[in-house]
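Asker: Take a look at protein_13.cif, mmCIF, C-alpha atoms:
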```
data_start
loop_
_atom_site.label_atom_id
_atom_site.label_comp_id
_atom_site.auth_asym_id
_atom_site.auth_seq_id
_atom_site.Cartn_x
_atom_site.Cartn_y
_atom_site.Cartn_z
CA MET A 1 20.70 -13.83 -15.77
CA SER A 2 19.76 -16.92 -17.77
CA THR A 3 22.26 -19.02 -15.78
CA ARG A 4 20.76 -17.92 -12.48
CA ARG A 5 17.21 -18.57 -13.67
CA LYS A 6 18.22 -22.02 -14.91
CA SER A 7 19.71 -23.00 -11.55
CA LEU A 8 16.67 -21.76 -9.62
CA GLU A 9 13.86 -22.89 -11.90
CA ASN A 10 12.92 -25.81 -9.64
CA VAL A 11 12.85 -23.76 -6.44
CA ASP A 12 9.39 -23.65 -4.87
CA ARG A 13 7.80 -21.46 -2.21
CA GLN A 14 8.58 -22.17 1.44
CA LEU A 15 6.96 -21.02 4.69
CA SER A 16 9.75 -18.47 5.00
CA THR A 17 9.46 -17.17 1.41
CA ASN A 18 9.46 -13.38 1.14
CA ALA A 19 6.45 -12.31 -0.95
CA GLY A 20 8.28 -9.24 -2.22
CA LEU A 21 11.24 -11.25 -3.48
CA TRP A 22 8.98 -13.86 -5.07
CA LEU A 23 7.13 -11.08 -6.89
CA ASP A 24 10.10 -8.94 -7.96
CA LYS A 25 12.69 -11.66 -8.62
CA PHE A 26 10.43 -14.08 -10.47
CA ILE A 27 12.67 -17.06 -11.19
CA ARG A 28 10.76 -18.70 -14.02
CA ASP A 29 10.49 -17.53 -17.61
CA LEU A 30 7.82 -14.85 -17.80
CA VAL A 31 6.58 -14.30 -21.33
CA ARG A 32 5.47 -10.70 -21.84
CA GLU A 33 2.24 -11.62 -23.60
CA ASP A 34 1.48 -14.73 -21.53
CA ILE A 35 -1.40 -13.67 -19.27
CA GLN A 36 -1.67 -17.11 -17.66
CA SER A 37 1.91 -17.06 -16.34
CA ARG A 38 1.26 -13.65 -14.84
CA ARG A 39 -1.94 -14.86 -13.22
CA ASP A 40 -0.06 -17.83 -11.79
CA LEU A 41 2.57 -15.54 -10.30
CA VAL A 42 -0.07 -13.31 -8.71
CA ARG A 43 -1.81 -16.32 -7.17
CA GLU A 44 1.48 -17.67 -5.85
CA VAL A 45 2.38 -14.39 -4.17
CA ALA A 46 -1.11 -14.01 -2.70
CA GLY A 47 -0.81 -17.49 -1.20
CA ILE A 48 2.44 -16.86 0.68
CA GLN A 49 1.95 -16.90 4.45
CA VAL A 50 3.11 -14.22 6.85
CA PRO A 51 6.59 -15.12 8.14
CA GLU A 52 6.64 -16.00 11.83
CA VAL A 53 9.45 -13.53 12.48
CA TYR A 54 7.13 -10.66 11.51
CA ARG A 55 4.99 -11.00 14.65
CA PRO A 56 7.73 -10.30 17.24
CA TRP A 57 9.20 -7.62 14.99
CA PHE A 58 5.82 -5.86 14.81
CA GLN A 59 5.62 -5.78 18.61
CA ARG A 60 9.09 -4.22 18.77
CA TRP A 61 8.05 -1.70 16.12
CA LYS A 62 4.95 -0.74 18.10
CA LYS A 63 6.99 -0.36 21.30
CA ALA A 64 9.52 1.82 19.48
CA LEU A 65 6.72 4.08 18.25
CA ARG A 66 5.34 4.45 21.77
CA ASP A 67 8.79 5.13 23.19
CA TYR A 68 9.15 7.86 20.58
CA GLY A 69 5.89 9.39 21.81
CA ALA A 70 3.72 8.56 18.82
CA GLU A 71 -0.07 8.28 19.04
CA LEU A 72 -1.42 5.06 17.57
CA ARG A 73 -4.65 4.16 15.76
CA VAL A 74 -5.78 1.32 13.51
CA ALA A 75 -7.05 1.80 9.95
CA LYS A 76 -9.15 -1.08 8.61
CA THR A 77 -9.85 -1.49 4.90
CA LYS A 78 -13.46 -1.33 3.76
CA GLY A 79 -12.62 -3.08 0.51
CA ARG A 80 -9.39 -3.55 -1.45
CA LEU A 81 -6.21 -1.50 -1.11
CA ALA A 82 -3.78 -0.93 -4.01
CA ILE A 83 -0.55 0.80 -2.94
CA GLY A 84 2.34 1.19 -5.38
CA LEU A 85 0.39 -0.12 -8.36
CA GLY A 86 2.50 1.84 -10.83
CA THR A 87 5.88 0.82 -9.42
CA GLU A 88 8.19 -0.97 -11.86
CA SER A 89 7.65 -4.74 -11.79
CA VAL A 90 7.89 -7.86 -13.92
CA LEU A 91 4.08 -7.70 -14.09
CA GLU A 92 3.99 -4.03 -15.19
CA THR A 93 1.93 -3.57 -12.03
CA SER A 94 3.16 -3.82 -8.47
CA ILE A 95 2.29 -3.47 -4.79
CA THR A 96 4.24 -1.85 -1.97
CA LEU A 97 5.68 -4.60 0.23
CA ASN A 98 8.08 -4.33 3.16
CA LEU A 99 11.52 -5.35 1.89
CA THR A 100 12.43 -7.42 4.94
CA TYR A 101 9.19 -9.26 5.65
CA GLY A 102 7.22 -9.03 2.40
CA VAL A 103 4.07 -7.62 4.02
CA PRO A 104 2.00 -4.80 2.47
CA TYR A 105 2.27 -1.37 4.05
CA ILE A 106 1.24 2.23 3.46
CA PRO A 107 4.15 4.69 3.25
CA GLY A 108 3.98 7.62 5.65
CA SER A 109 4.49 9.97 2.71
CA ALA A 110 1.31 8.62 1.08
CA LEU A 111 -0.70 9.20 4.27
CA LYS A 112 0.69 12.70 4.68
CA GLY A 113 0.01 13.59 1.05
CA LEU A 114 -3.54 12.24 1.29
CA ALA A 115 -4.28 14.22 4.47
CA ALA A 116 -2.80 17.39 3.00
CA SER A 117 -4.87 17.02 -0.17
CA PHE A 118 -8.05 16.46 1.84
CA ALA A 119 -7.32 19.53 3.99
CA ARG A 120 -6.82 21.75 0.95
CA GLN A 121 -9.93 20.50 -0.84
CA HIS A 122 -12.46 20.14 1.95
CA LEU A 123 -11.54 22.08 5.10
CA GLY A 124 -12.03 25.66 3.95
CA GLU A 125 -9.85 28.74 3.87
CA GLU A 126 -8.16 27.96 7.20
CA TRP A 127 -6.45 24.94 5.62
CA ARG A 128 -5.39 26.39 2.29
CA GLU A 129 -1.76 25.77 1.35
CA GLY A 130 0.42 28.34 3.08
CA THR A 131 -1.93 29.07 6.00
CA PRO A 132 -0.53 28.75 9.56
CA ALA A 133 -2.58 25.62 10.30
CA TYR A 134 -1.52 23.93 7.07
CA LYS A 135 2.16 24.75 7.54
CA THR A 136 2.07 23.63 11.18
CA VAL A 137 0.82 20.14 10.31
CA PHE A 138 2.27 19.55 6.84
CA GLY A 139 5.11 22.05 6.49
CA ASP A 140 6.24 23.77 3.29
CA ILE A 141 9.36 24.10 1.15
CA GLU A 142 11.07 26.15 3.88
CA SER A 143 10.35 24.06 6.97
CA ALA A 144 8.99 20.65 7.99
CA GLY A 145 5.62 20.24 9.63
CA TYR A 146 5.23 19.59 13.34
CA VAL A 147 3.51 16.23 12.79
CA VAL A 148 5.44 13.12 11.75
CA PHE A 149 3.56 10.53 9.64
CA PHE A 150 5.05 7.05 10.05
CA ASP A 151 4.66 4.12 7.66
CA ALA A 152 1.53 2.09 8.43
CA LEU A 153 2.41 -1.59 8.92
CA PRO A 154 -0.27 -4.32 9.01
CA LEU A 155 -1.33 -5.96 12.25
CA PRO A 156 -0.20 -9.62 12.27
CA ASP A 157 -2.92 -12.09 11.25
CA SER A 158 -5.20 -9.24 10.15
CA PHE A 159 -4.31 -8.85 6.47
CA SER A 160 -4.23 -10.72 3.17
CA LEU A 161 -2.96 -10.28 -0.37
CA HIS A 162 -5.46 -10.95 -3.16
CA PRO A 163 -5.22 -11.67 -6.89
CA ASP A 164 -6.74 -8.71 -8.71
CA VAL A 165 -6.94 -7.30 -12.22
CA ILE A 166 -6.82 -4.02 -14.12
CA ALA A 167 -8.79 -3.96 -17.36
CA VAL A 168 -7.13 -1.75 -19.99
CA HIS A 169 -9.84 -1.06 -22.58
CA HIS A 170 -7.86 0.93 -25.18
CA ARG A 171 -4.42 -0.67 -25.19
CA GLU A 172 -3.09 0.62 -28.49
CA TYR A 173 -4.26 4.15 -27.76
CA TYR A 174 -2.43 4.22 -24.42
CA GLN A 175 0.69 2.84 -26.12
CA GLY A 176 0.76 5.91 -28.36
CA LYS A 177 -0.22 4.10 -31.53
CA PRO A 178 -2.34 5.87 -34.18
CA SER A 179 -5.55 4.29 -32.94
CA LEU A 180 -8.42 6.21 -31.39
CA PRO A 181 -10.28 4.62 -28.42
CA ALA A 182 -13.55 3.01 -29.43
CA ASP A 183 -16.39 1.10 -27.79
CA TRP A 184 -15.52 -2.06 -29.71
CA ASP A 185 -11.93 -2.25 -28.41
CA SER A 186 -11.28 -5.52 -26.58
CA PRO A 187 -10.28 -5.11 -22.91
CA ASN A 188 -6.81 -6.30 -21.94
CA PRO A 189 -6.86 -7.76 -18.38
CA VAL A 190 -3.63 -7.10 -16.49
CA PRO A 191 -3.08 -9.25 -13.36
CA CYS A 192 -2.12 -7.40 -10.19
CA LEU A 193 -2.22 -7.67 -6.39
CA SER A 194 -4.30 -5.82 -3.83
CA ALA A 195 -4.55 -6.06 -0.04
CA THR A 196 -7.09 -6.05 2.75
CA GLY A 197 -6.60 -5.82 6.50
CA SER A 198 -5.89 -3.56 9.45
CA PHE A 199 -2.89 -1.25 9.54
CA LEU A 200 -1.20 0.50 12.47
CA LEU A 201 -1.20 4.28 11.98
CA ALA A 202 1.27 6.35 14.00
CA LEU A 203 1.61 10.13 14.24
CA ALA A 204 3.99 12.07 16.46
CA GLY A 205 4.14 15.73 17.44
CA PRO A 206 2.32 18.21 19.70
CA SER A 207 -0.73 16.36 21.04
CA GLU A 208 -3.35 18.88 19.89
CA TRP A 209 -1.97 18.93 16.35
CA VAL A 210 -1.62 15.14 16.24
CA GLU A 211 -5.28 14.83 17.22
CA ARG A 212 -6.27 17.27 14.48
CA ALA A 213 -4.12 15.39 11.96
CA PHE A 214 -5.89 12.13 12.87
CA GLU A 215 -9.26 13.82 12.33
CA ILE A 216 -8.14 14.99 8.90
CA LEU A 217 -6.72 11.58 8.05
CA GLU A 218 -9.95 9.88 9.15
CA GLY A 219 -11.96 12.00 6.72
CA ALA A 220 -9.43 11.52 3.95
CA LEU A 221 -9.36 7.73 4.27
CA ALA A 222 -13.15 7.53 4.40
CA HIS A 223 -13.95 9.88 1.50
CA LEU A 224 -10.90 9.93 -0.82
CA GLY A 225 -9.09 6.68 -0.15
CA VAL A 226 -5.37 6.03 -0.31
CA GLY A 227 -3.38 4.49 -3.14
CA ALA A 228 -4.51 3.64 -6.65
CA LYS A 229 -7.97 2.96 -8.16
CA THR A 230 -9.71 5.17 -5.60
CA SER A 231 -12.26 6.18 -8.24
CA SER A 232 -13.32 2.52 -8.25
CA GLY A 233 -13.72 2.43 -4.47
CA TYR A 234 -10.28 1.15 -3.57
CA GLY A 235 -8.32 2.55 -0.63
CA ARG A 236 -11.26 3.44 1.64
CA MET A 237 -10.46 2.77 5.30
CA GLU A 238 -12.12 3.13 8.67
CA LEU A 239 -10.15 4.62 11.57
CA LEU A 240 -10.41 2.65 14.82
CA PRO A 241 -8.89 2.90 18.31
CA LEU A 242 -5.99 0.61 19.10
CA PRO A 243 -7.29 -2.71 20.49
CA GLU A 244 -6.44 -3.48 24.08
CA GLU A 245 -3.51 -5.81 24.48
CA LYS A 246 -3.90 -9.05 26.35
CA LYS A 247 -1.98 -9.23 29.60
CA ALA A 248 0.56 -12.00 29.88
#
```
Have the structure of the file written as structure tokens, please.

Answerer:
Amino acid sequence: MSTRRKSLENVDRQLSTNAGLWLDKFIRDLVREDIQSRRDLVREVAGIQVPEVYRPWFQRWKKALRDYGAELRVAKTKGRLAIGLGTESVLETSITLNLTYGVPYIPGSALKGLAASFARQHLGEEWREGTPAYKTVFGDIESAGYVVFFDALPLPDSFSLHPDVIAVHHREYYQGKPSLPADWDSPNPVPCLSATGSFLLALAGPSEWVERAFEILEGALAHLGVGAKTSSGYGRMELLPLPEEKKA
């Protein structure tokens, strides 16, 4: 590992740099307690541009979804979005990025789980776990639901990564040390990344159930939010119709 890091220590970011690789395979020495080096890494990743190859790939992805019969909408962030914050990383915080193109995305499983939670909590007895409506859309341990939730990829030129921070106020307490949390504990800022932008949502299945699933998802994104730090207002999104495409 040290040999590889030594040979790559002078490598700098390029236009084609993958943000996910730059974040996860950090090639310089990262000191565990050095907050500044972590902040520098976060800023570097946030400054990486979208690779040009992502734009044509996104159009192919959208066409594939339509060919499959999926219904499409756009979800636009109202503030910041933090997906995959607890994933293992050199920063001890992370963000969910597409492995091939390094762009942020929302896993379909996260969207499905969010919609299911909102249905159970806010839509009354008809949508309790195990009811016919709930099982039809979300499934159960015996069978899959009728509605497929695809990963939500960002629209090209509509999104950004941002340097962000988590403030841990009782560090020693959370580390399991014999120290009770107190008001005079010094906060420990932990650098992280968040995202903003518009994401392509895609659901497939019987049309009436897909429409109902979108209604549930709209309420869930507006009132609960997706991802981490939702209690601080992160993850709130507005559901929009798909913009009309320009004719060639």

Asker: Which value, in Å to one decimal, gives the distance between atom CA of Val148 of chain A and atom CA of Glu211 of chain A?

Answerer: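 Straight-line distance from atom CA of Val148 of chain A to atom CA of Glu211 of chain A works out to 12.2 Å.
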
Asker: At what distance in Å, to one decimal, does atom CA of Ile166 of chain A lie from atom CA of Leu239 of chain A?

Answerer: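 So the answer is 27.3 Å.
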
Asker: Which residues match the PyMOL selection byres ((chain A and resi 55-58) around 10) in the file above, as a list of chain:residue names?

Answerer: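 When the PyMOL selection byres ((chain A and resi 55-58) around 10) is applied, the selected residues are A:Val50, A:Pro51, A:Glu52, A:Val53, A:Tyr54, A:Gln59, A:Arg60, A:Trp61, A:Lys62, A:Lys63, A:Ala64, A:Tyr101, A:Leu153, A:Pro154, A:Leu155, A:Pro156, A:Asp157, A:Leu200.
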
Asker: List every residue of segment 178-223 of chain A that has an atom at most 10 Å from any atom of segment 102-105 of chain A, and for each one report the closest atom pair and its distance in Å to one decimal, counting only C-alpha atoms, with rows sorted by chain and then by increasing residue number, as a Markdown table.

Answerer:
```
| residue | atom | partner | partner_atom | distance |
| --- | --- | --- | --- | --- |
| A:Ser194 | CA | A:Pro104 | CA | 9.0 |
| A:Ala195 | CA | A:Pro104 | CA | 7.1 |
| A:Thr196 | CA | A:Pro104 | CA | 9.2 |
| A:Gly197 | CA | A:Pro104 | CA | 9.6 |
| A:Phe199 | CA | A:Tyr105 | CA | 7.5 |
| A:Leu200 | CA | A:Tyr105 | CA | 9.3 |
```

Asker: Lys135 of chain A: which residues within 12 Å, counting all atoms listed in the file, same-chain residues fewer than 2 positions away excluded, as an mmCIF file with C-alpha atoms, in the coordinates of the input?

Answerer:
```
data_model
loop_
_atom_site.group_PDB
_atom_site.id
_atom_site.type_symbol
_atom_site.label_atom_id
_atom_site.label_comp_id
_atom_site.auth_asym_id
_atom_site.auth_seq_id
_atom_site.Cartn_x
_atom_site.Cartn_y
_atom_site.Cartn_z
ATOM 1 C CA ALA A 116 -2.800 17.390 3.000
ATOM 2 C CA ALA A 119 -7.320 19.530 3.990
ATOM 3 C CA ARG A 120 -6.820 21.750 0.950
ATOM 4 C CA GLU A 126 -8.160 27.960 7.200
ATOM 5 C CA TRP A 127 -6.450 24.940 5.620
ATOM 6 C CA ARG A 128 -5.390 26.390 2.290
ATOM 7 C CA GLU A 129 -1.760 25.770 1.350
ATOM 8 C CA GLY A 130 0.420 28.340 3.080
ATOM 9 C CA THR A 131 -1.930 29.070 6.000
ATOM 10 C CA PRO A 132 -0.530 28.750 9.560
ATOM 11 C CA ALA A 133 -2.580 25.620 10.300
ATOM 12 C CA VAL A 137 0.820 20.140 10.310
ATOM 13 C CA PHE A 138 2.270 19.550 6.840
ATOM 14 C CA GLY A 139 5.110 22.050 6.490
ATOM 15 C CA ASP A 140 6.240 23.770 3.290
ATOM 16 C CA ILE A 141 9.360 24.100 1.150
ATOM 17 C CA GLU A 142 11.070 26.150 3.880
ATOM 18 C CA SER A 143 10.350 24.060 6.970
ATOM 19 C CA ALA A 144 8.990 20.650 7.990
ATOM 20 C CA GLY A 145 5.620 20.240 9.630
ATOM 21 C CA TYR A 146 5.230 19.590 13.340
ATOM 22 C CA VAL A 147 3.510 16.230 12.790
ATOM 23 C CA TRP A 209 -1.970 18.930 16.350
#
```

Asker: So which residues are close to (-9.5, 13.7, 7.1), meaning at most 10 Å away in the file's coordinates with all atoms listed in the file counted, and can you show them as a PyMOL selection string?

Answerer: chain A and resi 114-119+122-123+212-224

Asker: Quick one: of A:Val190, A:Ala167, A:Val45, A:Ala152, who's nearest to Lys76 of chain A, counting all atoms listed in the file?

Answerer: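 Nearest to Lys76 of chain A: A:Ala152.
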
Asker: Separation of atom CA of Ser179 of chain A and atom CA of Gly84 of chain A, in Å?

Answerer: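 Distance between the two atoms: 28.8 Å.
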
Asker: Using only C-alpha atoms, pick whichever of A:Lys177, A:Arg236, A:Arg66, A:His162 has the shortest atom-to-atom distance to Val42 of chain A.

Answerer: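 That would be A:His162, the residue with the smallest distance to Val42 of chain A.
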
Asker: For this structure, which residues satisfy the selection - the PyMOL selection byres ((chain A and resi 21) around 10) - when it is evaluated on the file as given? I want them as a list in words.

Answerer: Thr17, Asn18, Ala19, Gly20, Trp22, Leu23, Asp24, Lys25, Phe26, Ile27, Val45, Leu97, Leu99, Thr100, Tyr101 and Gly102 of chain A

Asker: Could you tell me which residues the PyMOL selection byres ((chain A and resi 91) around 9) grabs in this file, written as a list in words?

Answerer: Leu23, Asp24, Leu30, Arg32, Arg38, Leu41, Val42, Glu88, Ser89, Val90, Glu92, Thr93, Ser94, Val190, Pro191 and Cys192 of chain A

Asker: Which of these, A:Gly227, A:Pro243, A:Gly205, A:Gly124, has the shortest distance to Tyr68 of chain A once you count all atoms listed in the file?

Answerer: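 Nearest candidate to Tyr68 of chain A out of A:Gly227, A:Pro243, A:Gly205, A:Gly124: A:Gly205.
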
Asker: Using only C-alpha atoms for the distances, tell me which of A:Gln49, A:Gly233, A:Asp12, A:Gln121 is nearest to Phe159 of chain A.

Answerer: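 Of A:Gln49, A:Gly233, A:Asp12, A:Gln121, the one nearest Phe159 of chain A, counting only C-alpha atoms, is A:Gln49.
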
Asker: Quick one: 3 Å padding each side, axis-aligned, all listed atoms of segment 146-149 of chain A - centre and edge lengths in Å to one decimal, as lines of an AutoDock Vina configuration file?

Answerer:
```
center_x = 4.5
center_y = 15.1
center_z = 11.5
size_x = 7.9
size_y = 15.1
size_z = 9.7
```

Asker: Which residue, A:Pro189, A:Ala204, A:Ser231, A:Asp151, has the smallest gap to Asn98 of chain A when you use only C-alpha atoms?

Answerer: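 For Asn98 of chain A, the nearest of the candidates is A:Asp151.
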
Asker: Using all atoms listed in the file, which protein or nucleic acid residues come within 7 Å of Arg73 of chain A? Drop anything in the same chain fewer than 5 positions from it, and give the result as a compact mmCIF listing (two decimals) with C-alpha atoms, in the frame of the given file.

Answerer:
```txt
# COMPACT_ATOMS: atom_id res chain seq x y z
CA LEU A 200 -1.20 0.50 12.47
CA LEU A 201 -1.20 4.28 11.98
CA ALA A 202 1.27 6.35 14.00
CA LEU A 239 -10.15 4.62 11.57
CA LEU A 240 -10.41 2.65 14.82
CA PRO A 241 -8.89 2.90 18.31
CA LEU A 242 -5.99 0.61 19.10
```
